[in-house]
Amino acid sequence: MRMKRIVSLIAVAAMLLSMCGCSSFKEAADTALGTKVDKQDIDTTTDIHIRDKNLLYTQYDNTEIVTMYLTVSTGNEGEGTNHTWEEINTYSAYDYDRMGVDRYKVAGLLQVGNEDGLVAGELGYGQVAPNCTVQIRGQSSSRNPQKNYKISIKDNKGDWRGQTTIALNKHQGDGLRFRNKLAFDLLTHIDELMGLRTTFVRLYVKDTTKSRNAKFEDYGIYTQVEQLNKTALKAHGLDNRGHLYKVNFCEFYRYEDTIVLKDDPQYDLKKFEEILEVKGDDDHTKLIDMLDKVNDYSIPIEKILADHFDMENIAYWMAFNLMVGNVDTQSRNFYLYSPQNIDRWYILPWDIDGMLRRTEYKLVGRTDYEHWESGVSNYWGNVLFKRCLQTKSFRDELDKAVKREYRYMTLTPELVNSYVNDYAKLLKPLVFSGRDATYVPITRAEYDAVVKGINAEIADNYTRYKASLKKPMPFYIGRPQEKDGRYVVEWDASYDFKGEDITYTFELSKDYHFKNPIAVQTGLAIPTATFDKLPAGQYFMRVAAKNESGETQYAFDYYRLELGKIYGTKCFYVDKDGKITEDVYVES
């Protein structure tokens with residue numbers, strides 16, 4: 001057989017020699033045998049892109065609903081599980097911060113099956129002793145009556161589909177209850193970005209901390225999202241020894257007093273993780289070096305991108321968020337990853353349930369996600385993203401990614417509908433039944449309207465993206481200062497991608513609608529306004545920038561109301577002595 005194969009290859013070589021004019025019989029034979037490679041077939045680029053393992057997403061049905069049975073019990077003080085299920089579901093993350101304690105846990109026995117009961121071979125089958133601990137997860141969502149849960153499987157107690165941390169997300173504010181899963185399913189079609197495995201879960205809970213005779217109660221539908229940790233990195237073919245940070249609130253400033261090495265006397269892990277939560281290697285040398293360079297304006301951003309980032313990765317991540325309107329990504333809701341022996345950092349997507357909300361928000365009367373939060377201006381407050389957007393090469397890469405995702409590949413109406421219609425049909429009957437029906441924020445008719453409007457919203461996001469490139473960029477308004485018996489307020493200069501001149505309009509009023517303004521100043525070439533001293537009371541000021549083309553942009557500042565934001569507006573108070581205090585929104 002081996003001789004026949006060689007003879008056949010020589011025959012092929014002879015044919016190639018006659019057809020393509022190879023200079024020798026040996027050259028043709030080498031080509032046929034695979035011993036000679038044309039240099040044009042070799043990729044000589046120095047970019048190191050990350051690519052996901054697409055086969056991970058083909059093992060299970062997208063419309064599968066996994067049934068999980070969770071029996072909770074009061075454990076022991078050593079494991080921190082000496083609490084009740086009622087306590088777990090009472091306190092929010094903010095309560096724990098005020099109490100100055102770690103989040104309470106209970107002991108749990110997690111078992112996987114179907115609606116008929118447990119299934120042999122699945123996690124927890126045949127077990128009677130606790131195999132996990134359970135606590136709430138999330139930050140602002142932890143205030144909701146329906147909690148999200150983090151279930152940590154104990155060592156040597158098995159795993160579920162290779163995962164030992166099970167994150168169950170209720171997404172109470174999401175009327176559809178499938179946005180996060182939809183987002184990660186769409187990401188599987190974008191080779192340039194890494195996704196995560198997701199599954200719908202129906203959870204039943206037996207609370208033995210309240211009664212030994214308790215029965216399983218239906219807690220409704222959750223989305224299980226693979227946790228980004230060392231196990232996930234390995235599963236997706238990435239370096240699990242590398243650096244991994246969950247971005248809690250990082251605008252890529254240097255943060256010299258907080259982002260320091262762990263042997264630095266200033267090092268405070270709790271404060272550090274308010275910015276970046278450490279999920280991988282805790283030697284922060286490479287992170288600090290990257291932040292130093294990002295904030296060194298003597299180094300061109302093109303060099304920083306070439307040496308420390310993958311421009312394709314940032315562009316495709318930003319493009320996806322722009323097209324799905326996932327605005328809460330300026331400084332959080334993503335991960336930073338860097339392999340152990342490479343000086344490059346990559347953005348990994350996370351927490352995308354805020355996407356495609358505009359239609360639903362209009363139905364419930366909210367005004368979020370307008371003005372600067374639409375388009376590239378949404379990222380202007382982040383040092384890294386701002387510097388990227390200031391370069392034409394990055395804007396070209398971003399535009400290529402947007403067009404590829406929106407027009408040609410991922411976010412086509414056909415592909416989006418193939419998921420949306422299946423999920424709506426699957427989940428709507430469950431969302432409007434049992435516990436979930438009590439908390440769903442929209443009606444059945446509104447549910448259908450939101451589903452129907454998803455593709456139109458994606459198209460609208462594309463229009464907003466293109467429009468944002470023509471507008472001046474947003475800026476921050478300063479606090480009024482007393483000077484020579486009057487008040488002076490300054491704000492940051494705006495920026496125009498085409499280099500057009502910018503003028504400003506300043507307004508001052510007692511009401512945030514500015515129906516009866518106290519002062520209006522237009523055509524300001526310098527970002528400064530002066531006005532007379534004010535009597536004691538509450539005031540609002542608004543600043544808009546306009547370029548030569550007539551496009552306008554409001555300031556970053558906003559005044560928060562229960563149902564949304566008043567954009568471009570800053571609130572302040574004047575006391576009886578003339579002292580000015582800014583109105584600052586505080587999470588309570």
# chains A, B, ... in the order shown; residues from 1 in each chain; ligands from 1

call {"tool": "select_by_dssp", "arguments": {"residues": "region 332-556 of chain A", "states": "helix (DSSP H, G or I)", "output": "MDAnalysis selection string"}}
result
chainID A and resid 358:364 371:373 376:379 383:389 392:408 413:431 434:439 444:452 454:468

call {"tool": "select_by_dssp", "arguments": {"residues": "region 139-290 of chain A", "states": "strand (DSSP E or B)", "output": "count of residues only"}}
result
41

call {"tool": "closest_atom_pairs", "arguments": {"of": "region 120-233 of chain A", "to": "region 61-82 of chain A", "cutoff": "8 Å", "atoms": "only C-alpha atoms", "output": "JSON lines"}}
result
{"residue": "A:Thr133", "atom": "CA", "partner": "A:Thr81", "partner_atom": "CA", "distance": 7.2}
{"residue": "A:Thr199", "atom": "CA", "partner": "A:Ile65", "partner_atom": "CA", "distance": 6.9}
{"residue": "A:Phe200", "atom": "CA", "partner": "A:Ile65", "partner_atom": "CA", "distance": 4.8}
{"residue": "A:Val201", "atom": "CA", "partner": "A:Val66", "partner_atom": "CA", "distance": 4.7}
{"residue": "A:Arg202", "atom": "CA", "partner": "A:Thr67", "partner_atom": "CA", "distance": 4.9}
{"residue": "A:Leu203", "atom": "CA", "partner": "A:Met68", "partner_atom": "CA", "distance": 5.1}
{"residue": "A:Tyr204", "atom": "CA", "partner": "A:Tyr69", "partner_atom": "CA", "distance": 4.9}
{"residue": "A:Val205", "atom": "CA", "partner": "A:Leu70", "partner_atom": "CA", "distance": 4.8}
{"residue": "A:Lys206", "atom": "CA", "partner": "A:Thr71", "partner_atom": "CA", "distance": 4.6}
{"residue": "A:Asp207", "atom": "CA", "partner": "A:Val72", "partner_atom": "CA", "distance": 5.3}
{"residue": "A:Thr208", "atom": "CA", "partner": "A:Ser73", "partner_atom": "CA", "distance": 5.3}
{"residue": "A:Thr209", "atom": "CA", "partner": "A:Ser73", "partner_atom": "CA", "distance": 4.9}
{"residue": "A:Phe216", "atom": "CA", "partner": "A:Tyr69", "partner_atom": "CA", "distance": 7.7}

call {"tool": "residues_around", "arguments": {"residues": "region 451-453 of chain A", "least_positions_apart": "2", "cutoff": "8 Å", "atoms": "only C-alpha atoms", "output": "PyMOL selection string"}}
result
chain A and resi 176+359+420-421+424+447-449+455-457

call {"tool": "write_last_selection", "arguments": {"atoms": "N, CA, C and O atoms", "output": "short mmCIF file (atom, residue, chain, number, x, y, z; two decimals), in the first residue's frame"}}
result
data_model
loop_
_atom_site.label_atom_id
_atom_site.label_comp_id
_atom_site.auth_asym_id
_atom_site.auth_seq_id
_atom_site.Cartn_x
_atom_site.Cartn_y
_atom_site.Cartn_z
N LEU A 176 -38.11 40.05 28.76
CA LEU A 176 -38.08 38.86 27.92
C LEU A 176 -37.49 37.66 28.63
O LEU A 176 -37.81 36.52 28.32
N THR A 359 -36.88 49.58 23.21
CA THR A 359 -38.32 49.38 22.99
C THR A 359 -39.03 49.11 24.31
O THR A 359 -40.09 49.68 24.60
N VAL A 420 -34.61 34.42 18.50
CA VAL A 420 -35.63 35.18 19.24
C VAL A 420 -36.98 34.47 19.20
O VAL A 420 -37.65 34.33 20.24
N ASN A 421 -37.39 34.02 18.05
CA ASN A 421 -38.70 33.39 17.94
C ASN A 421 -38.78 32.09 18.74
O ASN A 421 -39.80 31.80 19.38
N ALA A 424 -38.80 33.11 22.55
CA ALA A 424 -40.07 33.71 22.96
C ALA A 424 -41.15 32.63 23.10
O ALA A 424 -41.93 32.63 24.06
N TYR A 447 -44.84 42.10 25.71
CA TYR A 447 -43.82 41.07 25.46
C TYR A 447 -43.72 40.82 23.95
O TYR A 447 -42.63 40.83 23.36
N ASP A 448 -44.87 40.64 23.30
CA ASP A 448 -44.89 40.39 21.87
C ASP A 448 -44.36 41.59 21.09
O ASP A 448 -43.65 41.43 20.09
N ALA A 449 -44.69 42.79 21.55
CA ALA A 449 -44.23 44.00 20.87
C ALA A 449 -42.71 44.15 20.96
O ALA A 449 -42.06 44.55 19.99
N ASN A 455 -35.33 43.50 15.78
CA ASN A 455 -34.52 43.78 14.58
C ASN A 455 -34.57 45.24 14.19
O ASN A 455 -33.57 45.80 13.72
N ALA A 456 -35.70 45.89 14.40
CA ALA A 456 -35.79 47.32 14.12
C ALA A 456 -34.86 48.10 15.06
O ALA A 456 -34.27 49.12 14.66
N GLU A 457 -34.73 47.63 16.28
CA GLU A 457 -33.85 48.30 17.23
C GLU A 457 -32.39 48.15 16.84
O GLU A 457 -31.59 49.09 16.99
#

call {"tool": "atom_distance", "arguments": {"atom1": "CA of Lys498 (chain A)", "atom2": "CA of Gly325 (chain A)"}}
result
24.7 Å

call {"tool": "residues_around", "arguments": {"residues": "Glu397 (chain A)", "least_positions_apart": "4", "cutoff": "7 Å", "atoms": "only C-alpha atoms", "output": "PyMOL selection string"}}
result
chain A and resi 312+315+393+401

call {"tool": "write_last_selection", "arguments": {"atoms": "N, CA and C atoms", "output": "PDB file, in the first residue's frame"}}
result
ATOM      1  N   GLU A 312      -8.157  44.368  16.737  1.00  0.00           N
ATOM      2  CA  GLU A 312      -9.310  43.629  16.231  1.00  0.00           C
ATOM      3  C   GLU A 312     -10.247  43.244  17.375  1.00  0.00           C
ATOM      4  N   ALA A 315     -12.107  46.325  18.712  1.00  0.00           N
ATOM      5  CA  ALA A 315     -13.038  46.835  17.709  1.00  0.00           C
ATOM      6  C   ALA A 315     -14.279  45.952  17.606  1.00  0.00           C
ATOM      7  N   SER A 393      -7.169  54.930  12.275  1.00  0.00           N
ATOM      8  CA  SER A 393      -6.957  53.502  12.025  1.00  0.00           C
ATOM      9  C   SER A 393      -7.903  52.648  12.871  1.00  0.00           C
ATOM     10  N   ALA A 401     -15.723  46.246  11.484  1.00  0.00           N
ATOM     11  CA  ALA A 401     -16.358  45.266  12.368  1.00  0.00           C
ATOM     12  C   ALA A 401     -17.864  45.475  12.443  1.00  0.00           C
TER      13      ALA A 401
END

call {"tool": "decode", "arguments": {"residues": "region 391-419 of chain A", "atoms": "N, CA and C atoms", "output": "short mmCIF file (atom, residue, chain, number, x, y, z; two decimals), in the first residue's frame"}}
result
data_model
loop_
_atom_site.label_atom_id
_atom_site.label_comp_id
_atom_site.auth_asym_id
_atom_site.auth_seq_id
_atom_site.Cartn_x
_atom_site.Cartn_y
_atom_site.Cartn_z
N THR A 391 -8.04 57.85 16.91
CA THR A 391 -7.19 57.48 15.78
C THR A 391 -8.05 56.96 14.63
N LYS A 392 -7.75 57.39 13.42
CA LYS A 392 -8.51 56.97 12.25
C LYS A 392 -8.36 55.47 12.01
N SER A 393 -7.17 54.93 12.28
CA SER A 393 -6.96 53.50 12.03
C SER A 393 -7.90 52.65 12.87
N PHE A 394 -8.13 53.06 14.13
CA PHE A 394 -9.07 52.29 14.95
C PHE A 394 -10.49 52.50 14.48
N ARG A 395 -10.87 53.73 14.14
CA ARG A 395 -12.23 53.98 13.66
C ARG A 395 -12.51 53.20 12.38
N ASP A 396 -11.50 53.06 11.53
CA ASP A 396 -11.67 52.24 10.32
C ASP A 396 -11.88 50.78 10.68
N GLU A 397 -11.11 50.29 11.65
CA GLU A 397 -11.27 48.89 12.10
C GLU A 397 -12.63 48.68 12.74
N LEU A 398 -13.07 49.66 13.52
CA LEU A 398 -14.39 49.58 14.15
C LEU A 398 -15.49 49.57 13.09
N ASP A 399 -15.37 50.43 12.10
CA ASP A 399 -16.39 50.49 11.06
C ASP A 399 -16.45 49.18 10.28
N LYS A 400 -15.30 48.58 10.03
CA LYS A 400 -15.27 47.29 9.34
C LYS A 400 -15.98 46.23 10.18
N ALA A 401 -15.72 46.25 11.48
CA ALA A 401 -16.36 45.27 12.37
C ALA A 401 -17.86 45.48 12.44
N VAL A 402 -18.29 46.74 12.53
CA VAL A 402 -19.72 47.04 12.59
C VAL A 402 -20.43 46.55 11.33
N LYS A 403 -19.88 46.88 10.18
CA LYS A 403 -20.51 46.49 8.92
C LYS A 403 -20.53 44.98 8.74
N ARG A 404 -19.45 44.34 9.17
CA ARG A 404 -19.40 42.88 9.04
C ARG A 404 -20.43 42.22 9.95
N GLU A 405 -20.54 42.72 11.18
CA GLU A 405 -21.49 42.13 12.11
C GLU A 405 -22.94 42.45 11.72
N TYR A 406 -23.17 43.70 11.37
CA TYR A 406 -24.56 44.15 11.16
C TYR A 406 -25.08 43.79 9.77
N ARG A 407 -24.31 44.10 8.76
CA ARG A 407 -24.84 43.98 7.40
C ARG A 407 -24.67 42.59 6.80
N TYR A 408 -23.58 41.90 7.15
CA TYR A 408 -23.24 40.72 6.38
C TYR A 408 -23.30 39.40 7.15
N MET A 409 -23.12 39.43 8.48
CA MET A 409 -22.93 38.15 9.14
C MET A 409 -23.85 37.92 10.34
N THR A 410 -23.52 38.52 11.47
CA THR A 410 -24.11 38.07 12.72
C THR A 410 -25.50 38.60 12.97
N LEU A 411 -25.69 39.89 12.90
CA LEU A 411 -26.95 40.49 13.35
C LEU A 411 -27.94 40.68 12.21
N THR A 412 -27.99 39.71 11.33
CA THR A 412 -28.97 39.74 10.25
C THR A 412 -30.34 39.39 10.82
N PRO A 413 -31.41 39.92 10.24
CA PRO A 413 -32.75 39.59 10.74
C PRO A 413 -33.02 38.09 10.78
N GLU A 414 -32.52 37.37 9.78
CA GLU A 414 -32.76 35.93 9.71
C GLU A 414 -32.14 35.21 10.90
N LEU A 415 -30.86 35.52 11.19
CA LEU A 415 -30.18 34.83 12.29
C LEU A 415 -30.78 35.23 13.64
N VAL A 416 -31.00 36.53 13.82
CA VAL A 416 -31.56 37.00 15.09
C VAL A 416 -32.93 36.38 15.33
N ASN A 417 -33.77 36.37 14.32
CA ASN A 417 -35.11 35.80 14.48
C ASN A 417 -35.09 34.31 14.75
N SER A 418 -34.07 33.62 14.22
CA SER A 418 -34.01 32.18 14.45
C SER A 418 -33.86 31.86 15.93
N TYR A 419 -33.20 32.75 16.67
CA TYR A 419 -33.10 32.58 18.12
C TYR A 419 -34.30 33.20 18.85
#
